[in-house]
Amino acid sequence: MAKKGRVFSGARPTGRQHLGNYLGAIKNYVALQDDYDCVYCIVDLHALTTAEDTRDLRQNTYEMALDWLAAGIRPADSIMFIQSQVPQVTELHLLLSMVTPLGKLTDLPTFKEKVRQQPDNVNYGLVGYPVLMTADIVLYKTDVVPVGVDQAPHIEFAREIVRSFNYRFQTKALIEPQMKNTEVPKVLGIDGKEKMSKSLNNHIELAATPEETRQRVMQMVTDPARIKRTDPGNPDVCNVFSLHKIFSSPEEVAMIDRDCRSAALGCVDCKKLLIKNLNKYFEPFRAKRAEIAQQPDQVWDILHDGAERARALAEQTMQEVREAVQLPV
Ligand code: ADP
């Protein structure tokens with residue numbers, strides 16, 4: 001079946017993925033494969049801009065790749081690879097940096113946030129983060145980038161860089177990527193307040209064992225106003241209920257909505273049901289993950305093969321780019 005175009009998305013190698021990564025990105029990556037040629041990149045170079053040390057970089061890359069494969073990324077259909085294994089991206093990054101105003105980069109809210117987060121490590125790479133991201137996207141002649149609303153300014157920025165480059169060098173070598181707005185939920189952590197994130201240690205890993213899942217769910221904060229078992233609860237402010245809406249049947253969701261409000265259902269029983277449903281939902285994922293993990297070399301082979309296919313696309317684009325810039329041949 002003819003595909004609708006090429007999709008690109010990248011994520012930093014953060015190791016074992018959690019429910020937030022799954023619902024916010026991976027699930028969508030898997031679905032997009034039916035309609036698009038997909039290029040999924042583990043952006044290890046981007047990770048270096050904030051990494052305190054790189055000891056876990058390889059292991060985190062492997063674990064993330066394993067999760068992607070177990071979740072349903074099909075390496076025969078999609079290109080799944082590691083950013084640094086396509087050196088053309090660094091060349092394009094440099095060339096794009098020549099048409100990117102420095103002031104715009106330092107004005108970006110994401111840059112300012114990083115400066116606040118790591119005042120002692122405001123490195124050059126951090127400033128160029130969006131330029132490298134643009135290079136990633138355009139190197140593969142990407143048509144569409146799936147983004148949540150919060151990422152939209154980055155894609156708009158990438159489009160501006162592409163326009164500047166094409167205008168400055170009078171070329172059509174680079175394609176302005178389109179945004180595909182994807183409705184993804186913001187998944188809260190077990191604290192019920194902050195976005196689920198590994199760095200906050202408020203996450204639930206997809207690859208957790210049933211027992212680990214049980215322990216994490218049992219720690220989840222529910223409606224803070226519900227103190228005694230006999231107090232009626234408010235599912236609208238309860239993160240356990242948010243997850244039920246995704247992982248439980250419509251009948252169960254209706255029952256919880258009703259019985260929590262009347263206090264017929266307590267938080268412990270409500271959590272037990274979520275544990276059961278989460279473990280059931282991720283059982284095939286976990287089985288597949290365990291099977292793939294028996295041959296770690298296969299994961300690396302898939303990534304190397306992906307890099308080879310990515311390099312072929314990248315080199316084509318770079319030949320046009322070098323020609324446009326009139327770099328001597
Ligand atoms: P990156 O910096 O590469 O975005 P993250 O690990 O923060 O790395 O996120 C990877 C993907 O998972 C992104 O698409 C992000 O939006 C999504 N994601 C991460 N945490 C959550 C969350 N709590 N809720 C929804 N989506 C999330």
# chains A, B, ... in the order shown; residues from 1 in each chain; ligands from 1

$ residues_around --residues "Gln88 (chain A)" --least-positions-apart "2" --cutoff "7 Å" --atoms "only C-alpha atoms" --output "PDB file with N, CA and C atoms, in the first residue's frame"
ATOM      1  N   VAL A  86      24.946   8.198  12.151  1.00  0.00           N
ATOM      2  CA  VAL A  86      24.764   8.846  10.846  1.00  0.00           C
ATOM      3  C   VAL A  86      25.496  10.182  10.915  1.00  0.00           C
ATOM      4  N   THR A  90      25.764  15.660  11.725  1.00  0.00           N
ATOM      5  CA  THR A  90      26.598  16.691  12.350  1.00  0.00           C
ATOM      6  C   THR A  90      27.064  17.706  11.299  1.00  0.00           C
ATOM      7  N   GLU A  91      27.265  17.212  10.097  1.00  0.00           N
ATOM      8  CA  GLU A  91      27.661  18.114   9.003  1.00  0.00           C
ATOM      9  C   GLU A  91      26.509  19.075   8.681  1.00  0.00           C
ATOM     10  N   LEU A  92      25.308  18.504   8.575  1.00  0.00           N
ATOM     11  CA  LEU A  92      24.158  19.350   8.257  1.00  0.00           C
ATOM     12  C   LEU A  92      23.886  20.336   9.395  1.00  0.00           C
ATOM     13  N   ALA A 314      20.540   9.922   4.072  1.00  0.00           N
ATOM     14  CA  ALA A 314      21.233  11.133   4.507  1.00  0.00           C
ATOM     15  C   ALA A 314      22.253  11.582   3.463  1.00  0.00           C
ATOM     16  N   GLU A 315      22.965  10.633   2.902  1.00  0.00           N
ATOM     17  CA  GLU A 315      24.012  10.985   1.952  1.00  0.00           C
ATOM     18  C   GLU A 315      23.409  11.623   0.695  1.00  0.00           C
TER      19      GLU A 315
END

$ residues_near_ligand --ligand "ligand 1" --cutoff "7 Å" --atoms "only C-alpha atoms and all ligand atoms" --output "PDB file with all heavy atoms, in the first residue's frame"
ATOM      1  N   GLY A  10      12.349  11.584  17.076  1.00  0.00           N
ATOM      2  CA  GLY A  10      13.522  11.177  17.845  1.00  0.00           C
ATOM      3  C   GLY A  10      13.248  11.304  19.331  1.00  0.00           C
ATOM      4  O   GLY A  10      12.425  12.101  19.759  1.00  0.00           O
ATOM      5  N   ALA A  11      13.939  10.485  20.093  1.00  0.00           N
ATOM      6  CA  ALA A  11      13.830  10.589  21.548  1.00  0.00           C
ATOM      7  C   ALA A  11      15.193  10.287  22.147  1.00  0.00           C
ATOM      8  O   ALA A  11      15.942   9.445  21.627  1.00  0.00           O
ATOM      9  CB  ALA A  11      12.789   9.618  22.086  1.00  0.00           C
ATOM     10  N   ARG A  12      15.489  10.991  23.225  1.00  0.00           N
ATOM     11  CA  ARG A  12      16.785  10.771  23.873  1.00  0.00           C
ATOM     12  C   ARG A  12      16.807   9.400  24.542  1.00  0.00           C
ATOM     13  O   ARG A  12      15.767   8.929  25.018  1.00  0.00           O
ATOM     14  CB  ARG A  12      17.033  11.862  24.915  1.00  0.00           C
ATOM     15  CG  ARG A  12      17.376  13.204  24.260  1.00  0.00           C
ATOM     16  CD  ARG A  12      17.467  14.302  25.286  1.00  0.00           C
ATOM     17  NE  ARG A  12      16.211  14.423  26.006  1.00  0.00           N
ATOM     18  CZ  ARG A  12      16.110  14.738  27.292  1.00  0.00           C
ATOM     19  NH1 ARG A  12      17.187  14.958  27.998  1.00  0.00           N
ATOM     20  NH2 ARG A  12      14.928  14.842  27.862  1.00  0.00           N
ATOM     21  N   THR A  14      16.733   7.259  27.168  1.00  0.00           N
ATOM     22  CA  THR A  14      16.495   7.394  28.608  1.00  0.00           C
ATOM     23  C   THR A  14      16.370   6.028  29.277  1.00  0.00           C
ATOM     24  O   THR A  14      15.916   5.934  30.401  1.00  0.00           O
ATOM     25  CB  THR A  14      15.222   8.224  28.869  1.00  0.00           C
ATOM     26  OG1 THR A  14      14.172   7.714  28.046  1.00  0.00           O
ATOM     27  CG2 THR A  14      15.440   9.686  28.565  1.00  0.00           C
ATOM     28  N   GLY A  20       4.435   7.076  30.635  1.00  0.00           N
ATOM     29  CA  GLY A  20       4.375   8.390  29.973  1.00  0.00           C
ATOM     30  C   GLY A  20       4.964   8.315  28.570  1.00  0.00           C
ATOM     31  O   GLY A  20       4.364   8.806  27.609  1.00  0.00           O
ATOM     32  N   ASN A  21       6.124   7.687  28.449  1.00  0.00           N
ATOM     33  CA  ASN A  21       6.753   7.519  27.124  1.00  0.00           C
ATOM     34  C   ASN A  21       5.846   6.698  26.215  1.00  0.00           C
ATOM     35  O   ASN A  21       5.705   6.990  25.028  1.00  0.00           O
ATOM     36  CB  ASN A  21       8.084   6.772  27.219  1.00  0.00           C
ATOM     37  CG  ASN A  21       9.113   7.459  28.092  1.00  0.00           C
ATOM     38  OD1 ASN A  21       9.731   6.827  28.939  1.00  0.00           O
ATOM     39  ND2 ASN A  21       9.298   8.752  27.904  1.00  0.00           N
ATOM     40  N   TYR A  22       5.248   5.675  26.801  1.00  0.00           N
ATOM     41  CA  TYR A  22       4.412   4.780  25.993  1.00  0.00           C
ATOM     42  C   TYR A  22       3.176   5.512  25.464  1.00  0.00           C
ATOM     43  O   TYR A  22       2.916   5.515  24.256  1.00  0.00           O
ATOM     44  CB  TYR A  22       3.996   3.554  26.819  1.00  0.00           C
ATOM     45  CG  TYR A  22       3.095   2.624  26.050  1.00  0.00           C
ATOM     46  CD1 TYR A  22       3.605   1.829  25.024  1.00  0.00           C
ATOM     47  CD2 TYR A  22       1.726   2.546  26.320  1.00  0.00           C
ATOM     48  CE1 TYR A  22       2.776   0.992  24.284  1.00  0.00           C
ATOM     49  CE2 TYR A  22       0.894   1.714  25.592  1.00  0.00           C
ATOM     50  CZ  TYR A  22       1.431   0.948  24.572  1.00  0.00           C
ATOM     51  OH  TYR A  22       0.602   0.132  23.827  1.00  0.00           O
ATOM     52  N   LEU A  23       2.444   6.142  26.370  1.00  0.00           N
ATOM     53  CA  LEU A  23       1.193   6.787  25.947  1.00  0.00           C
ATOM     54  C   LEU A  23       1.460   8.087  25.183  1.00  0.00           C
ATOM     55  O   LEU A  23       0.687   8.486  24.328  1.00  0.00           O
ATOM     56  CB  LEU A  23       0.310   7.067  27.165  1.00  0.00           C
ATOM     57  CG  LEU A  23      -0.115   5.810  27.934  1.00  0.00           C
ATOM     58  CD1 LEU A  23      -0.755   6.181  29.264  1.00  0.00           C
ATOM     59  CD2 LEU A  23      -1.076   4.960  27.105  1.00  0.00           C
ATOM     60  N   GLY A  24       2.594   8.738  25.517  1.00  0.00           N
ATOM     61  CA  GLY A  24       2.904  10.022  24.885  1.00  0.00           C
ATOM     62  C   GLY A  24       3.649   9.890  23.571  1.00  0.00           C
ATOM     63  O   GLY A  24       3.683  10.821  22.783  1.00  0.00           O
ATOM     64  N   ALA A  25       4.271   8.750  23.323  1.00  0.00           N
ATOM     65  CA  ALA A  25       5.074   8.638  22.098  1.00  0.00           C
ATOM     66  C   ALA A  25       5.007   7.253  21.441  1.00  0.00           C
ATOM     67  O   ALA A  25       4.545   7.108  20.315  1.00  0.00           O
ATOM     68  CB  ALA A  25       6.530   9.008  22.413  1.00  0.00           C
ATOM     69  N   GLY A 148       3.267  16.852  20.025  1.00  0.00           N
ATOM     70  CA  GLY A 148       2.262  17.361  20.949  1.00  0.00           C
ATOM     71  C   GLY A 148       2.318  18.880  20.884  1.00  0.00           C
ATOM     72  O   GLY A 148       3.281  19.442  20.344  1.00  0.00           O
ATOM     73  N   VAL A 184      -1.966  13.553  22.539  1.00  0.00           N
ATOM     74  CA  VAL A 184      -1.402  12.620  23.504  1.00  0.00           C
ATOM     75  C   VAL A 184      -1.652  13.145  24.914  1.00  0.00           C
ATOM     76  O   VAL A 184      -1.555  14.338  25.165  1.00  0.00           O
ATOM     77  CB  VAL A 184       0.116  12.360  23.286  1.00  0.00           C
ATOM     78  CG1 VAL A 184       0.350  11.528  22.058  1.00  0.00           C
ATOM     79  CG2 VAL A 184       0.894  13.659  23.217  1.00  0.00           C
ATOM     80  N   PRO A 185      -1.987  12.241  25.812  1.00  0.00           N
ATOM     81  CA  PRO A 185      -2.260  12.704  27.173  1.00  0.00           C
ATOM     82  C   PRO A 185      -0.963  13.072  27.874  1.00  0.00           C
ATOM     83  O   PRO A 185       0.099  12.547  27.539  1.00  0.00           O
ATOM     84  CB  PRO A 185      -2.886  11.465  27.834  1.00  0.00           C
ATOM     85  CG  PRO A 185      -2.327  10.299  27.079  1.00  0.00           C
ATOM     86  CD  PRO A 185      -2.079  10.778  25.672  1.00  0.00           C
ATOM     87  N   LYS A 186      -1.058  13.994  28.817  1.00  0.00           N
ATOM     88  CA  LYS A 186       0.090  14.238  29.691  1.00  0.00           C
ATOM     89  C   LYS A 186      -0.099  13.281  30.866  1.00  0.00           C
ATOM     90  O   LYS A 186      -1.048  13.416  31.642  1.00  0.00           O
ATOM     91  CB  LYS A 186       0.070  15.695  30.150  1.00  0.00           C
ATOM     92  CG  LYS A 186       1.161  16.034  31.125  1.00  0.00           C
ATOM     93  CD  LYS A 186       1.138  17.516  31.449  1.00  0.00           C
ATOM     94  CE  LYS A 186       1.880  17.800  32.736  1.00  0.00           C
ATOM     95  NZ  LYS A 186       1.698  19.185  33.185  1.00  0.00           N
ATOM     96  N   VAL A 187       0.776  12.313  30.951  1.00  0.00           N
ATOM     97  CA  VAL A 187       0.622  11.292  31.982  1.00  0.00           C
ATOM     98  C   VAL A 187       1.304  11.767  33.259  1.00  0.00           C
ATOM     99  O   VAL A 187       2.482  12.139  33.242  1.00  0.00           O
ATOM    100  CB  VAL A 187       1.246   9.954  31.514  1.00  0.00           C
ATOM    101  CG1 VAL A 187       1.047   8.876  32.565  1.00  0.00           C
ATOM    102  CG2 VAL A 187       0.650   9.528  30.179  1.00  0.00           C
ATOM    103  N   LEU A 188       0.554  11.781  34.348  1.00  0.00           N
ATOM    104  CA  LEU A 188       1.141  12.201  35.618  1.00  0.00           C
ATOM    105  C   LEU A 188       1.825  11.029  36.303  1.00  0.00           C
ATOM    106  O   LEU A 188       1.482   9.867  36.072  1.00  0.00           O
ATOM    107  CB  LEU A 188       0.058  12.775  36.534  1.00  0.00           C
ATOM    108  CG  LEU A 188      -0.667  14.017  36.013  1.00  0.00           C
ATOM    109  CD1 LEU A 188      -1.674  14.522  37.050  1.00  0.00           C
ATOM    110  CD2 LEU A 188       0.320  15.133  35.651  1.00  0.00           C
ATOM    111  N   GLY A 189       2.771  11.364  37.145  1.00  0.00           N
ATOM    112  CA  GLY A 189       3.512  10.336  37.872  1.00  0.00           C
ATOM    113  C   GLY A 189       2.723   9.805  39.054  1.00  0.00           C
ATOM    114  O   GLY A 189       1.587  10.243  39.305  1.00  0.00           O
ATOM    115  N   LYS A 195       4.448  15.615  35.899  1.00  0.00           N
ATOM    116  CA  LYS A 195       4.480  14.760  34.720  1.00  0.00           C
ATOM    117  C   LYS A 195       5.332  13.523  35.018  1.00  0.00           C
ATOM    118  O   LYS A 195       6.387  13.652  35.652  1.00  0.00           O
ATOM    119  CB  LYS A 195       5.120  15.583  33.587  1.00  0.00           C
ATOM    120  CG  LYS A 195       4.953  14.995  32.217  1.00  0.00           C
ATOM    121  CD  LYS A 195       5.412  15.995  31.171  1.00  0.00           C
ATOM    122  CE  LYS A 195       5.802  15.236  29.911  1.00  0.00           C
ATOM    123  NZ  LYS A 195       6.240  16.036  28.821  1.00  0.00           N
ATOM    124  N   MET A 196       4.860  12.374  34.590  1.00  0.00           N
ATOM    125  CA  MET A 196       5.631  11.155  34.853  1.00  0.00           C
ATOM    126  C   MET A 196       7.000  11.270  34.190  1.00  0.00           C
ATOM    127  O   MET A 196       7.100  11.594  33.014  1.00  0.00           O
ATOM    128  CB  MET A 196       4.899   9.919  34.332  1.00  0.00           C
ATOM    129  CG  MET A 196       5.605   8.630  34.694  1.00  0.00           C
ATOM    130  SD  MET A 196       4.734   7.132  34.198  1.00  0.00           S
ATOM    131  CE  MET A 196       3.447   7.004  35.422  1.00  0.00           C
ATOM    132  N   SER A 197       8.048  11.015  34.951  1.00  0.00           N
ATOM    133  CA  SER A 197       9.387  11.184  34.408  1.00  0.00           C
ATOM    134  C   SER A 197      10.370  10.381  35.228  1.00  0.00           C
ATOM    135  O   SER A 197      10.228  10.252  36.458  1.00  0.00           O
ATOM    136  CB  SER A 197       9.727  12.680  34.412  1.00  0.00           C
ATOM    137  OG  SER A 197      11.011  12.904  34.886  1.00  0.00           O
TER     138      SER A 197
END

$ atom_distance --atom1 "CA of Gln294 (chain A)" --atom2 "CA of Asp56 (chain A)"
20.1 Å

$ residues_around --residues "region 301-306 of chain A" --least-positions-apart "4" --cutoff "6 Å" --atoms "only C-alpha atoms" --output "PyMOL selection string"
chain A and resi 79-81

$ write_last_selection --atoms "N, CA, C and O atoms" --output "tab-separated table (two decimals), in the first residue's frame"
chain	number	residue	atom	x	y	z
A	79	ILE	N	12.68	2.56	9.88
A	79	ILE	CA	14.11	2.69	10.13
A	79	ILE	C	14.28	3.11	11.59
A	79	ILE	O	13.79	4.16	11.99
A	80	MET	N	14.95	2.28	12.34
A	80	MET	CA	15.16	2.58	13.76
A	80	MET	C	16.68	2.59	13.96
A	80	MET	O	17.35	1.61	13.63
A	81	PHE	N	17.21	3.69	14.44
A	81	PHE	CA	18.67	3.80	14.47
A	81	PHE	C	19.16	4.80	15.51
A	81	PHE	O	18.36	5.51	16.12

$ select_by_dssp --residues "region 166-232 of chain A" --states "alpha helix (DSSP H)" --output "number ranges by chain"
A: 166-168, 210-218

$ write_last_selection --atoms "N, CA and C atoms" --output "PDB file, in the first residue's frame"
ATOM      1  N   ASN A 166      17.118  27.434   2.287  1.00  0.00           N
ATOM      2  CA  ASN A 166      16.734  27.311   0.872  1.00  0.00           C
ATOM      3  C   ASN A 166      16.818  28.663   0.154  1.00  0.00           C
ATOM      4  N   TYR A 167      16.477  29.724   0.873  1.00  0.00           N
ATOM      5  CA  TYR A 167      16.525  31.065   0.274  1.00  0.00           C
ATOM      6  C   TYR A 167      17.974  31.513   0.072  1.00  0.00           C
ATOM      7  N   ARG A 168      18.756  31.347   1.125  1.00  0.00           N
ATOM      8  CA  ARG A 168      20.144  31.806   1.067  1.00  0.00           C
ATOM      9  C   ARG A 168      20.930  31.101  -0.041  1.00  0.00           C
ATOM     10  N   PRO A 210       5.164  -7.873  37.340  1.00  0.00           N
ATOM     11  CA  PRO A 210       3.843  -7.650  37.944  1.00  0.00           C
ATOM     12  C   PRO A 210       3.957  -7.171  39.393  1.00  0.00           C
ATOM     13  N   GLU A 211       4.911  -7.725  40.120  1.00  0.00           N
ATOM     14  CA  GLU A 211       5.070  -7.323  41.523  1.00  0.00           C
ATOM     15  C   GLU A 211       5.567  -5.871  41.631  1.00  0.00           C
ATOM     16  N   GLU A 212       6.522  -5.500  40.781  1.00  0.00           N
ATOM     17  CA  GLU A 212       7.000  -4.098  40.806  1.00  0.00           C
ATOM     18  C   GLU A 212       5.862  -3.152  40.429  1.00  0.00           C
ATOM     19  N   THR A 213       5.057  -3.580  39.474  1.00  0.00           N
ATOM     20  CA  THR A 213       3.924  -2.751  39.060  1.00  0.00           C
ATOM     21  C   THR A 213       2.964  -2.576  40.237  1.00  0.00           C
ATOM     22  N   ARG A 214       2.748  -3.677  40.943  1.00  0.00           N
ATOM     23  CA  ARG A 214       1.839  -3.608  42.100  1.00  0.00           C
ATOM     24  C   ARG A 214       2.355  -2.589  43.121  1.00  0.00           C
ATOM     25  N   GLN A 215       3.650  -2.692  43.415  1.00  0.00           N
ATOM     26  CA  GLN A 215       4.215  -1.777  44.424  1.00  0.00           C
ATOM     27  C   GLN A 215       4.080  -0.319  44.006  1.00  0.00           C
ATOM     28  N   ARG A 216       4.348  -0.044  42.731  1.00  0.00           N
ATOM     29  CA  ARG A 216       4.276   1.342  42.255  1.00  0.00           C
ATOM     30  C   ARG A 216       2.843   1.870  42.297  1.00  0.00           C
ATOM     31  N   VAL A 217       1.904   1.051  41.834  1.00  0.00           N
ATOM     32  CA  VAL A 217       0.505   1.512  41.809  1.00  0.00           C
ATOM     33  C   VAL A 217       0.002   1.727  43.233  1.00  0.00           C
ATOM     34  N   MET A 218       0.427   0.842  44.141  1.00  0.00           N
ATOM     35  CA  MET A 218      -0.007   1.004  45.527  1.00  0.00           C
ATOM     36  C   MET A 218       0.489   2.316  46.138  1.00  0.00           C
TER      37      MET A 218
END

$ residues_around --residues "Val131 (chain A)" --least-positions-apart "5" --cutoff "9 Å" --atoms "only C-alpha atoms" --output "ChimeraX atom specification"
/A:93-94,96-97,100,105,136,157-158,161

$ residues_around --residues "Thr317 (chain A)" --least-positions-apart "5" --cutoff "12 Å" --atoms "only C-alpha atoms" --output "list in words"
Gln88, Val89, Glu91, Leu92, Ala135, Asp136, Ile137, Val138, Leu139, Tyr140, Lys141, Thr142, Thr171, Lys172, Ala173, Leu174, Ile175, Ala310, Arg311, Ala312, Arg322, Glu323 and Ala324 of chain A

$ write_last_selection --atoms "C-alpha atoms" --output "JSON list (two decimals), in the first residue's frame"
[["chain", "number", "residue", "atom", "x", "y", "z"],
["A", 88, "GLN", "CA", 25.97, 13.40, 8.09],
["A", 89, "VAL", "CA", 23.68, 14.87, 10.74],
["A", 91, "GLU", "CA", 27.66, 18.11, 9.00],
["A", 92, "LEU", "CA", 24.16, 19.35, 8.26],
["A", 135, "ALA", "CA", 19.12, 18.60, 10.88],
["A", 136, "ASP", "CA", 17.66, 15.30, 12.10],
["A", 137, "ILE", "CA", 14.30, 16.07, 10.59],
["A", 138, "VAL", "CA", 15.35, 17.42, 7.21],
["A", 139, "LEU", "CA", 18.21, 15.00, 6.57],
["A", 140, "TYR", "CA", 15.67, 12.28, 5.82],
["A", 141, "LYS", "CA", 13.40, 14.51, 3.72],
["A", 142, "THR", "CA", 10.75, 14.21, 6.38],
["A", 171, "THR", "CA", 17.81, 25.57, -3.47],
["A", 172, "LYS", "CA", 14.93, 23.21, -2.83],
["A", 173, "ALA", "CA", 17.18, 20.62, -1.23],
["A", 174, "LEU", "CA", 15.46, 20.84, 2.14],
["A", 175, "ILE", "CA", 11.78, 20.15, 2.75],
["A", 310, "ALA", "CA", 19.46, 6.07, 7.30],
["A", 311, "ARG", "CA", 22.97, 6.91, 6.02],
["A", 312, "ALA", "CA", 21.91, 6.12, 2.47],
["A", 322, "ARG", "CA", 26.85, 20.44, -0.52],
["A", 323, "GLU", "CA", 26.04, 21.24, -4.13],
["A", 324, "ALA", "CA", 23.71, 24.07, -3.09]]
